[in-house]
Amino acid sequence: MKFIKNIFEKTEPHVQKGAKFHWLHSVHEGFFTLFFVQKTTSKSGAHIHDYIDLKRTMGIVVLALVPTVLFGMYNIGFQHFKAIGELASTGFFAIFFYGLLKVFPVIVVSYVVGLGIEFVFAQIRGHDIQEGFLVSGILIPLVMPIETPLWMIAVATAFAVIIGKEVFGGTGMNIWNPALVARAFLFFAYPAQMSGESVWVSLKDADKVIDGFSGATPMANAAAGNIDFNISDAFFGFIPGSVGETSTLAILIGAVILIITGIASWKIMVSTVAGGVTLGLILNAFAGSTGLSPNVAEYFSMPFWHHLIIGGFAFGAVFMATDPVSGAQTEKGKWIYGFLIGFIAILIRVINPAFPEGMMLAILIMNTFAPLIDHYVVQANIKRRLKRVKVSS
Amino acid sequence: MSEVIKLKKGLNIRLKGNAEKTWMSAPASETYALKPTDFTGLTAKLSIKPGDSIKKGEPVFFDKYTPEVVFTAPVGGEIQSINRGERRKILEIVIRPEGGAGEVEFKKADPLVLSAEEIKEQLLKSGLWPFLKRRPYGIIAKPSEKPRDIFISMFDSSPLAPDYDFILKGQESTFQTGINALSKLTEGKIHLGLDSTTSKVSVKNAETHLFSGPHPAGNVGIQIHHISPVNKGEIVWTINALDVLFIGRLFETGKLDFSKVVAIAGSEVEKPQYIKTFLGASVASLTAGNLKNEKNQRIISGNVLTGKKVSLDNYLGFYDSMISVIPEGDEYEFMGWAALGSGKFSASKTYLSSLFPKKEYELNANMHGGERAFVMSGQYEKFVPMDILPVYLLKAIDVNDIDKMERMGIYEIIEEDFALCEYACTSKIKVQDMVRNGINSMIKELG
């Protein structure tokens, strides 16, 4: 420890303003604070401060994401060997290792590009490094199809960090969830590579697939009126999909961590699910009505709770909608915000044939409207206070 | 007695070193001081110069803009020095007590037979007036204004705070005399906010209200909000319950008696307990022989959330009834943010300490993290038991939007009401400084 501290303390003078390596100041500061909580003490105001800081907060979110990352890796291998018909003959570790090799480079690219840009912006602004990207950097790989080329990941990450975050002032100032900005960017810029049947299962290096193989996600099938997925596979996550979104179980473990530690808003999670369930039930109720095309009628009649375990619904509800910066900030607003995310996500899924998955767009739309929701909550508070005057006078 | 007002929001920070209910005799303070910096927004004009001899109760300085508000000597003696800071700002006026310096005599009378004007005059002349503060803004009350009501919190819920019931015990009649005097100053009521679990006070000429819940339930601002909130254009006064004793004694005896009880508390105190002393006593006299001396210490006049950092050669704050001593914590901590943290008290549930809801902890003055942009939503709301949106009020302050500040509730709060937000803030934002800046803008713009 002392050895590491000495390195940082000895190099510190060289990165101060005016010194030769000042351009490395943010990098130095970033790593120093990562290794050592600084000796800074309170100068004004409260003399004691909580042990929590942004590093701890972001660390907890990353911890909550670990189950989905690990399972995502396993599932990539699982889908691969299933497609080439060698699942039975491949061991657990071989399957996991295959997925690890596939996912790890994506994570590295995302962090290197994202943190690189963060360091540059922090240096230019003369700020400390803000830890927001620690989470975004792991979320980005988790919402991508596995066959997304690495250069696309790099471009999308750069776009998300610069246009999605830094132009608004950096961590804490962004309007949209950066990871979803990256996803949306690729979705609209490179639609061919981001949808269809061939992107969800890693098969580039495979020379054969089994007969009757389809790499389509249950979502895409459902949108085509073909609902046949195994409930337990969908819940445990043995289905094709973006890296981190398939296992509802792994996501639930993350949700429990986030709720127990109080880092993410349980109100948003609950209300998002409530919104999805509400529209699901409404659709169920109208499933028998005339005038619906057979495809849509089929989707209407899918039991409402199936929506929660397929696609990105659970992942979005737990890890994306709950982003405290881009979401609603008032406690009452959170209920409305979450509910509408769930509602709109299912609406886009079922009613709009152009988008098989609605979660990403639903969250981005509600990110946009979150300040409006908050505005009305704030106005209501102001009105209550003004009313008090009339009552008392 | 009315119904209990139950507050759910807030937090009791469980610090080690609560003062035991025992009395300690301390050496008499060699010098006493008045600190103009204790009075927010005050411009002090001196009435004396170094070397002057002064009687107890004679004016030492006064408010430049309200000259009738004077601050009087807590002891008779000689003005030893006037300590100044940057730009010759007066920090301390130090008095060396001398036997036989004499004291100023005031009128001895039952306040119930005196008129409001007579009481006001007595309080102003004796230098007890500055104990009265006003809301909005938490500054010294103006003699010219008529308060709607007067509010007094009968307990202090802040960390390690002194137990008012313990201090007030045996002085009930003096307290009553003080209340009688104050009751003449308002056409409204005197509201007392009591702790529902301990207080058994029966006071005449005042209305009592019971509160339960964690800190800041004992903050008078929170109590005002729930009893009868301050609206635009309204003024209420507040005074600390312990300071009512000074007023009571003045009318009972016709003399100033600035003796007071101070709690010495905190994890760096050898024997945390109560001590009898006088207003303006030196920190050294209060802590003599009672500090652990293993690590760097932070000595605070007041509580750990709102108090002022002092050193041994400083003096107790005018309004303070406690000295807190905690470790300074000016050390690096390897990977501190990643620790399991069974010994790290946190308002969040991200450390193992949240599994031990009864344990008491040692907290130091370290920031435990760098200052960041505001990220976590819903955090401040947990600590403000008022119908106020703290984040939106702070945002209004940040952009200096007077109109918005007014509508979001700046008239109802002072720094102490948001102090827990500052303690708990993930982004280490200086909430109390922001609140004071906002209030200063309001005073500047609207007077």
# chains A, B, ... in the order shown; residues from 1 in each chain; ligands from 1
call {"tool": "interface_residues", "arguments": {"of": "chain A", "to": "chain B", "cutoff": "7 Å", "atoms": "only C-alpha atoms", "output": "PDB file with N, CA and C atoms, in the first residue's frame"}}
result
ATOM      1  N   MET A   1       0.839  -1.210   0.000  1.00  0.00           N
ATOM      2  CA  MET A   1       0.000   0.000   0.000  1.00  0.00           C
ATOM      3  C   MET A   1       0.869   1.254   0.000  1.00  0.00           C
ATOM      4  N   LEU A  34      -8.859   6.294  -6.983  1.00  0.00           N
ATOM      5  CA  LEU A  34      -9.351   4.923  -7.077  1.00  0.00           C
ATOM      6  C   LEU A  34      -8.673   4.061  -6.012  1.00  0.00           C
ATOM      7  N   PHE A  35      -7.368   4.251  -5.866  1.00  0.00           N
ATOM      8  CA  PHE A  35      -6.619   3.440  -4.904  1.00  0.00           C
ATOM      9  C   PHE A  35      -6.768   3.962  -3.472  1.00  0.00           C
ATOM     10  N   PHE A  36      -6.818   5.263  -3.320  1.00  0.00           N
ATOM     11  CA  PHE A  36      -6.846   5.826  -1.976  1.00  0.00           C
ATOM     12  C   PHE A  36      -7.947   6.863  -1.827  1.00  0.00           C
ATOM     13  N   VAL A  37      -8.775   6.667  -0.829  1.00  0.00           N
ATOM     14  CA  VAL A  37      -9.682   7.744  -0.463  1.00  0.00           C
ATOM     15  C   VAL A  37      -8.800   8.855   0.094  1.00  0.00           C
ATOM     16  N   GLN A  38      -8.981  10.059  -0.393  1.00  0.00           N
ATOM     17  CA  GLN A  38      -8.040  11.140  -0.090  1.00  0.00           C
ATOM     18  C   GLN A  38      -8.141  11.598   1.365  1.00  0.00           C
ATOM     19  N   LYS A  39      -7.130  12.365   1.788  1.00  0.00           N
ATOM     20  CA  LYS A  39      -7.109  12.788   3.191  1.00  0.00           C
ATOM     21  C   LYS A  39      -7.842  14.114   3.403  1.00  0.00           C
ATOM     22  N   THR A  40      -8.529  14.580   2.349  1.00  0.00           N
ATOM     23  CA  THR A  40      -9.263  15.842   2.456  1.00  0.00           C
ATOM     24  C   THR A  40     -10.286  15.796   3.581  1.00  0.00           C
ATOM     25  N   THR A  41     -10.293  16.838   4.407  1.00  0.00           N
ATOM     26  CA  THR A  41     -11.295  16.889   5.466  1.00  0.00           C
ATOM     27  C   THR A  41     -12.210  18.083   5.234  1.00  0.00           C
ATOM     28  N   SER A  42     -13.319  18.066   5.959  1.00  0.00           N
ATOM     29  CA  SER A  42     -14.350  19.080   5.772  1.00  0.00           C
ATOM     30  C   SER A  42     -13.830  20.477   6.112  1.00  0.00           C
ATOM     31  N   GLY A  45     -19.346  23.875   6.610  1.00  0.00           N
ATOM     32  CA  GLY A  45     -20.574  23.104   6.717  1.00  0.00           C
ATOM     33  C   GLY A  45     -20.431  21.931   7.657  1.00  0.00           C
ATOM     34  N   ALA A  46     -21.090  20.822   7.309  1.00  0.00           N
ATOM     35  CA  ALA A  46     -21.076  19.655   8.195  1.00  0.00           C
ATOM     36  C   ALA A  46     -19.647  19.146   8.376  1.00  0.00           C
ATOM     37  N   HIS A  47     -19.349  18.730   9.611  1.00  0.00           N
ATOM     38  CA  HIS A  47     -17.994  18.225   9.888  1.00  0.00           C
ATOM     39  C   HIS A  47     -17.866  16.756   9.556  1.00  0.00           C
ATOM     40  N   ILE A  48     -18.973  16.041   9.561  1.00  0.00           N
ATOM     41  CA  ILE A  48     -18.908  14.628   9.222  1.00  0.00           C
ATOM     42  C   ILE A  48     -19.611  14.400   7.892  1.00  0.00           C
ATOM     43  N   HIS A  49     -19.078  13.474   7.141  1.00  0.00           N
ATOM     44  CA  HIS A  49     -19.672  13.122   5.853  1.00  0.00           C
ATOM     45  C   HIS A  49     -19.815  11.614   5.766  1.00  0.00           C
ATOM     46  N   ASP A  50     -20.827  11.200   5.050  1.00  0.00           N
ATOM     47  CA  ASP A  50     -21.107   9.782   4.919  1.00  0.00           C
ATOM     48  C   ASP A  50     -19.973   9.092   4.166  1.00  0.00           C
ATOM     49  N   TYR A  51     -19.821   7.798   4.479  1.00  0.00           N
ATOM     50  CA  TYR A  51     -18.781   7.028   3.799  1.00  0.00           C
ATOM     51  C   TYR A  51     -19.128   6.758   2.342  1.00  0.00           C
ATOM     52  N   ILE A  52     -20.352   7.042   1.937  1.00  0.00           N
ATOM     53  CA  ILE A  52     -20.708   6.750   0.555  1.00  0.00           C
ATOM     54  C   ILE A  52     -20.178   7.851  -0.363  1.00  0.00           C
ATOM     55  N   ASP A  53     -19.689   7.464  -1.502  1.00  0.00           N
ATOM     56  CA  ASP A  53     -19.350   8.450  -2.528  1.00  0.00           C
ATOM     57  C   ASP A  53     -19.746   7.867  -3.883  1.00  0.00           C
ATOM     58  N   LEU A  54     -19.439   8.599  -4.935  1.00  0.00           N
ATOM     59  CA  LEU A  54     -19.907   8.151  -6.243  1.00  0.00           C
ATOM     60  C   LEU A  54     -19.218   6.851  -6.663  1.00  0.00           C
ATOM     61  N   LYS A  55     -17.979   6.662  -6.212  1.00  0.00           N
ATOM     62  CA  LYS A  55     -17.287   5.412  -6.551  1.00  0.00           C
ATOM     63  C   LYS A  55     -18.010   4.223  -5.932  1.00  0.00           C
ATOM     64  N   ARG A  56     -18.374   4.358  -4.660  1.00  0.00           N
ATOM     65  CA  ARG A  56     -19.097   3.289  -3.974  1.00  0.00           C
ATOM     66  C   ARG A  56     -20.412   3.014  -4.689  1.00  0.00           C
ATOM     67  N   GLN A 130     -15.334  11.888 -13.253  1.00  0.00           N
ATOM     68  CA  GLN A 130     -16.593  11.490 -12.636  1.00  0.00           C
ATOM     69  C   GLN A 130     -16.852  10.040 -12.987  1.00  0.00           C
ATOM     70  N   THR A 171     -21.164  13.894 -16.556  1.00  0.00           N
ATOM     71  CA  THR A 171     -21.932  13.086 -15.608  1.00  0.00           C
ATOM     72  C   THR A 171     -22.865  13.961 -14.767  1.00  0.00           C
ATOM     73  N   GLY A 172     -24.094  13.536 -14.675  1.00  0.00           N
ATOM     74  CA  GLY A 172     -25.055  14.270 -13.870  1.00  0.00           C
ATOM     75  C   GLY A 172     -25.858  15.283 -14.658  1.00  0.00           C
ATOM     76  N   ILE A 260     -31.844  -3.515  -1.945  1.00  0.00           N
ATOM     77  CA  ILE A 260     -31.379  -3.623  -0.551  1.00  0.00           C
ATOM     78  C   ILE A 260     -30.430  -2.482  -0.213  1.00  0.00           C
ATOM     79  N   THR A 261     -29.517  -2.187  -1.129  1.00  0.00           N
ATOM     80  CA  THR A 261     -28.560  -1.115  -0.848  1.00  0.00           C
ATOM     81  C   THR A 261     -29.193   0.260  -1.029  1.00  0.00           C
ATOM     82  N   GLY A 262     -30.363   0.295  -1.623  1.00  0.00           N
ATOM     83  CA  GLY A 262     -31.038   1.573  -1.820  1.00  0.00           C
ATOM     84  C   GLY A 262     -30.425   2.419  -2.919  1.00  0.00           C
ATOM     85  N   PRO A 324     -30.500   7.496 -12.141  1.00  0.00           N
ATOM     86  CA  PRO A 324     -31.027   8.651 -11.400  1.00  0.00           C
ATOM     87  C   PRO A 324     -30.867   9.968 -12.143  1.00  0.00           C
ATOM     88  N   VAL A 325     -29.943  10.016 -13.081  1.00  0.00           N
ATOM     89  CA  VAL A 325     -29.700  11.289 -13.767  1.00  0.00           C
ATOM     90  C   VAL A 325     -30.727  11.527 -14.863  1.00  0.00           C
ATOM     91  N   GLN A 329     -36.816  12.808 -11.112  1.00  0.00           N
ATOM     92  CA  GLN A 329     -36.065  13.045  -9.887  1.00  0.00           C
ATOM     93  C   GLN A 329     -36.939  13.237  -8.661  1.00  0.00           C
ATOM     94  N   THR A 330     -38.208  13.507  -8.881  1.00  0.00           N
ATOM     95  CA  THR A 330     -39.093  13.647  -7.724  1.00  0.00           C
ATOM     96  C   THR A 330     -39.687  12.287  -7.404  1.00  0.00           C
ATOM     97  N   GLU A 331     -39.992  12.073  -6.134  1.00  0.00           N
ATOM     98  CA  GLU A 331     -40.454  10.754  -5.718  1.00  0.00           C
ATOM     99  C   GLU A 331     -41.814  10.417  -6.336  1.00  0.00           C
ATOM    100  N   ILE A 382     -45.565  23.837  -5.096  1.00  0.00           N
ATOM    101  CA  ILE A 382     -45.662  25.297  -4.974  1.00  0.00           C
ATOM    102  C   ILE A 382     -47.109  25.700  -4.690  1.00  0.00           C
ATOM    103  N   VAL A 389     -51.272  29.846   2.479  1.00  0.00           N
ATOM    104  CA  VAL A 389     -51.404  31.267   2.801  1.00  0.00           C
ATOM    105  C   VAL A 389     -52.871  31.642   2.855  1.00  0.00           C
TER     106      VAL A 389
END
call {"tool": "residues_around", "arguments": {"residues": "range 19-26 of chain B", "least_positions_apart": "6", "cutoff": "10 Å", "atoms": "only C-alpha atoms", "output": "list in words"}}
result
Leu160, Ala161, Pro162, Asp163, Phe166, Ile167, Val261, Val262, Ala263, Ile264, Ala265, Gly266, Val269, Lys271, Pro272, Gln273, Tyr274, Ile275, Lys276, Thr277, Ala284, Ser285, Leu286, Thr287, Ala288, Gly289, Asn290, Met322 and Ser324 of chain B
call {"tool": "write_last_selection", "arguments": {"atoms": "C-alpha atoms", "output": "tab-separated table (two decimals), in the first residue's frame"}}
result
chain	number	residue	atom	x	y	z
B	160	LEU	CA	-24.45	13.79	20.68
B	161	ALA	CA	-26.65	16.71	21.63
B	162	PRO	CA	-27.07	17.74	25.27
B	163	ASP	CA	-30.22	16.55	27.00
B	166	PHE	CA	-31.38	17.11	32.27
B	167	ILE	CA	-30.11	20.68	32.07
B	261	VAL	CA	-24.25	24.05	31.00
B	262	VAL	CA	-22.22	22.63	28.17
B	263	ALA	CA	-22.02	19.01	27.05
B	264	ILE	CA	-18.56	17.78	26.16
B	265	ALA	CA	-19.02	14.86	23.79
B	266	GLY	CA	-17.50	12.84	20.99
B	269	VAL	CA	-13.28	12.84	24.65
B	271	LYS	CA	-15.04	11.23	29.75
B	272	PRO	CA	-17.97	12.74	27.84
B	273	GLN	CA	-20.16	14.59	30.32
B	274	TYR	CA	-21.71	17.91	31.31
B	275	ILE	CA	-19.84	20.89	32.60
B	276	LYS	CA	-20.99	24.12	34.25
B	277	THR	CA	-19.40	27.24	32.87
B	284	ALA	CA	-9.25	25.04	26.62
B	285	SER	CA	-11.03	25.42	29.94
B	286	LEU	CA	-13.87	23.20	28.80
B	287	THR	CA	-11.73	20.41	27.46
B	288	ALA	CA	-8.82	20.55	29.91
B	289	GLY	CA	-7.54	17.09	30.75
B	290	ASN	CA	-10.43	15.42	29.02
B	322	MET	CA	-21.88	21.65	23.41
B	324	SER	CA	-17.88	17.95	20.05
call {"tool": "select_by_dssp", "arguments": {"residues": "range 306-419 of chain B", "states": "strand (DSSP E)", "output": "compact mmCIF listing (two decimals) with N, CA and C atoms, in the first residue's frame"}}
result
# COMPACT_ATOMS: atom_id res chain seq x y z
N LYS B 308 -19.07 25.00 14.57
CA LYS B 308 -17.91 25.66 13.96
C LYS B 308 -16.64 25.02 14.48
N LYS B 309 -15.69 24.86 13.57
CA LYS B 309 -14.39 24.31 13.96
C LYS B 309 -13.68 25.34 14.84
N VAL B 310 -13.16 24.89 15.98
CA VAL B 310 -12.42 25.80 16.86
C VAL B 310 -11.12 25.12 17.29
N MET B 322 -22.67 22.87 23.43
CA MET B 322 -21.88 21.65 23.41
C MET B 322 -20.56 21.85 22.67
N ILE B 323 -19.61 21.02 23.08
CA ILE B 323 -18.35 20.94 22.37
C ILE B 323 -18.24 19.49 21.89
N SER B 324 -18.05 19.30 20.58
CA SER B 324 -17.88 17.95 20.05
C SER B 324 -16.43 17.78 19.64
N VAL B 325 -15.87 16.64 19.96
CA VAL B 325 -14.50 16.36 19.54
C VAL B 325 -14.47 15.03 18.81
N ILE B 326 -14.04 15.08 17.54
CA ILE B 326 -13.97 13.85 16.74
C ILE B 326 -12.59 13.77 16.09
N PRO B 327 -12.18 12.62 15.59
CA PRO B 327 -10.89 12.54 14.90
C PRO B 327 -10.93 13.37 13.62
N GLU B 333 -6.86 6.48 2.80
CA GLU B 333 -7.37 5.16 3.12
C GLU B 333 -7.34 4.31 1.87
N PHE B 334 -6.63 3.20 1.92
CA PHE B 334 -6.47 2.37 0.74
C PHE B 334 -7.79 1.72 0.34
call {"tool": "residues_around", "arguments": {"residues": "Ser293 in chain A", "least_positions_apart": "6", "cutoff": "12 Å", "atoms": "only C-alpha atoms", "output": "PDB file with C-alpha atoms, in the first residue's frame"}}
result
ATOM      1  CA  ALA A 223     -43.913  -9.925 -33.338  1.00  0.00           C
ATOM      2  CA  ALA A 224     -44.329 -12.245 -36.308  1.00  0.00           C
ATOM      3  CA  GLY A 225     -47.197 -13.949 -34.532  1.00  0.00           C
ATOM      4  CA  ALA A 287     -57.394 -10.239 -27.836  1.00  0.00           C
ATOM      5  CA  TYR A 299     -49.548 -11.380 -29.707  1.00  0.00           C
ATOM      6  CA  PHE A 300     -52.505  -9.710 -27.962  1.00  0.00           C
ATOM      7  CA  ILE A 351     -48.693  -2.531 -31.752  1.00  0.00           C
ATOM      8  CA  PRO A 353     -44.538  -3.808 -36.265  1.00  0.00           C
TER       9      PRO A 353
END
call {"tool": "residues_around", "arguments": {"residues": "range 336-346 of chain A", "least_positions_apart": "6", "cutoff": "6 Å", "atoms": "only C-alpha atoms", "output": "count of residues only"}}
result
11
call {"tool": "residues_around", "arguments": {"residues": "Ala94 in chain A", "least_positions_apart": "4", "cutoff": "12 Å", "atoms": "only C-alpha atoms", "output": "ChimeraX atom specification"}}
result
/A:73-78,80-81,86-90,98-101
call {"tool": "atom_distance", "arguments": {"atom1": "CA of Ile7 in chain A", "atom2": "CA of Gly126 in chain A"}}
result
22.2 Å
call {"tool": "closest_residue", "arguments": {"among": "B:Ser282, B:Thr37, B:Asn219, B:Asn440", "to": "Tyr411 in chain B", "atoms": "only C-alpha atoms"}}
result
B:Asn440
call {"tool": "decode", "arguments": {"residues": "range 36-87 of chain B", "atoms": "C-alpha atoms", "output": "PDB file, in the first residue's frame"}}
result
ATOM      1  CA  PRO B  36     -19.153  38.745  16.273  1.00  0.00           C
ATOM      2  CA  THR B  37     -18.754  35.902  13.756  1.00  0.00           C
ATOM      3  CA  ASP B  38     -21.344  33.914  15.705  1.00  0.00           C
ATOM      4  CA  PHE B  39     -24.011  36.259  14.390  1.00  0.00           C
ATOM      5  CA  THR B  40     -24.812  35.666  10.759  1.00  0.00           C
ATOM      6  CA  GLY B  41     -24.776  38.803   8.666  1.00  0.00           C
ATOM      7  CA  LEU B  42     -23.865  41.110  11.547  1.00  0.00           C
ATOM      8  CA  THR B  43     -21.594  44.108  11.108  1.00  0.00           C
ATOM      9  CA  ALA B  44     -20.162  44.759  14.538  1.00  0.00           C
ATOM     10  CA  LYS B  45     -19.178  48.221  15.810  1.00  0.00           C
ATOM     11  CA  LEU B  46     -17.036  48.229  18.919  1.00  0.00           C
ATOM     12  CA  SER B  47     -17.963  50.241  22.004  1.00  0.00           C
ATOM     13  CA  ILE B  48     -14.685  49.566  23.781  1.00  0.00           C
ATOM     14  CA  LYS B  49     -10.982  49.380  23.085  1.00  0.00           C
ATOM     15  CA  PRO B  50      -8.229  47.106  24.383  1.00  0.00           C
ATOM     16  CA  GLY B  51      -7.209  47.914  27.946  1.00  0.00           C
ATOM     17  CA  ASP B  52     -10.605  49.337  28.909  1.00  0.00           C
ATOM     18  CA  SER B  53     -12.080  47.948  32.037  1.00  0.00           C
ATOM     19  CA  ILE B  54     -15.635  46.813  31.646  1.00  0.00           C
ATOM     20  CA  LYS B  55     -18.451  45.883  33.975  1.00  0.00           C
ATOM     21  CA  LYS B  56     -20.458  42.731  33.492  1.00  0.00           C
ATOM     22  CA  GLY B  57     -23.436  43.675  31.336  1.00  0.00           C
ATOM     23  CA  GLU B  58     -21.818  46.714  29.710  1.00  0.00           C
ATOM     24  CA  PRO B  59     -21.978  46.858  25.907  1.00  0.00           C
ATOM     25  CA  VAL B  60     -18.941  45.465  24.091  1.00  0.00           C
ATOM     26  CA  PHE B  61     -20.178  46.022  20.574  1.00  0.00           C
ATOM     27  CA  PHE B  62     -23.410  46.712  18.725  1.00  0.00           C
ATOM     28  CA  ASP B  63     -25.053  46.084  15.378  1.00  0.00           C
ATOM     29  CA  LYS B  64     -24.025  48.830  12.969  1.00  0.00           C
ATOM     30  CA  TYR B  65     -27.414  48.882  11.250  1.00  0.00           C
ATOM     31  CA  THR B  66     -29.556  48.357  14.369  1.00  0.00           C
ATOM     32  CA  PRO B  67     -27.574  50.157  17.081  1.00  0.00           C
ATOM     33  CA  GLU B  68     -30.051  49.332  19.825  1.00  0.00           C
ATOM     34  CA  VAL B  69     -29.015  45.667  19.544  1.00  0.00           C
ATOM     35  CA  VAL B  70     -25.997  45.516  21.845  1.00  0.00           C
ATOM     36  CA  PHE B  71     -23.806  42.649  22.962  1.00  0.00           C
ATOM     37  CA  THR B  72     -22.727  42.860  26.559  1.00  0.00           C
ATOM     38  CA  ALA B  73     -19.826  41.535  28.550  1.00  0.00           C
ATOM     39  CA  PRO B  74     -20.527  38.118  30.106  1.00  0.00           C
ATOM     40  CA  VAL B  75     -18.002  38.897  32.859  1.00  0.00           C
ATOM     41  CA  GLY B  76     -16.554  42.057  34.324  1.00  0.00           C
ATOM     42  CA  GLY B  77     -12.883  42.719  33.808  1.00  0.00           C
ATOM     43  CA  GLU B  78     -10.411  44.143  31.370  1.00  0.00           C
ATOM     44  CA  ILE B  79     -10.561  44.000  27.581  1.00  0.00           C
ATOM     45  CA  GLN B  80      -7.444  41.979  26.956  1.00  0.00           C
ATOM     46  CA  SER B  81      -7.388  41.981  23.183  1.00  0.00           C
ATOM     47  CA  ILE B  82      -9.390  42.295  20.028  1.00  0.00           C
ATOM     48  CA  ASN B  83      -8.421  39.539  17.633  1.00  0.00           C
ATOM     49  CA  ARG B  84      -8.925  40.333  14.010  1.00  0.00           C
ATOM     50  CA  GLY B  85      -8.843  38.208  10.878  1.00  0.00           C
ATOM     51  CA  GLU B  86      -8.616  38.983   7.201  1.00  0.00           C
ATOM     52  CA  ARG B  87      -9.446  42.565   6.231  1.00  0.00           C
TER      53      ARG B  87
END
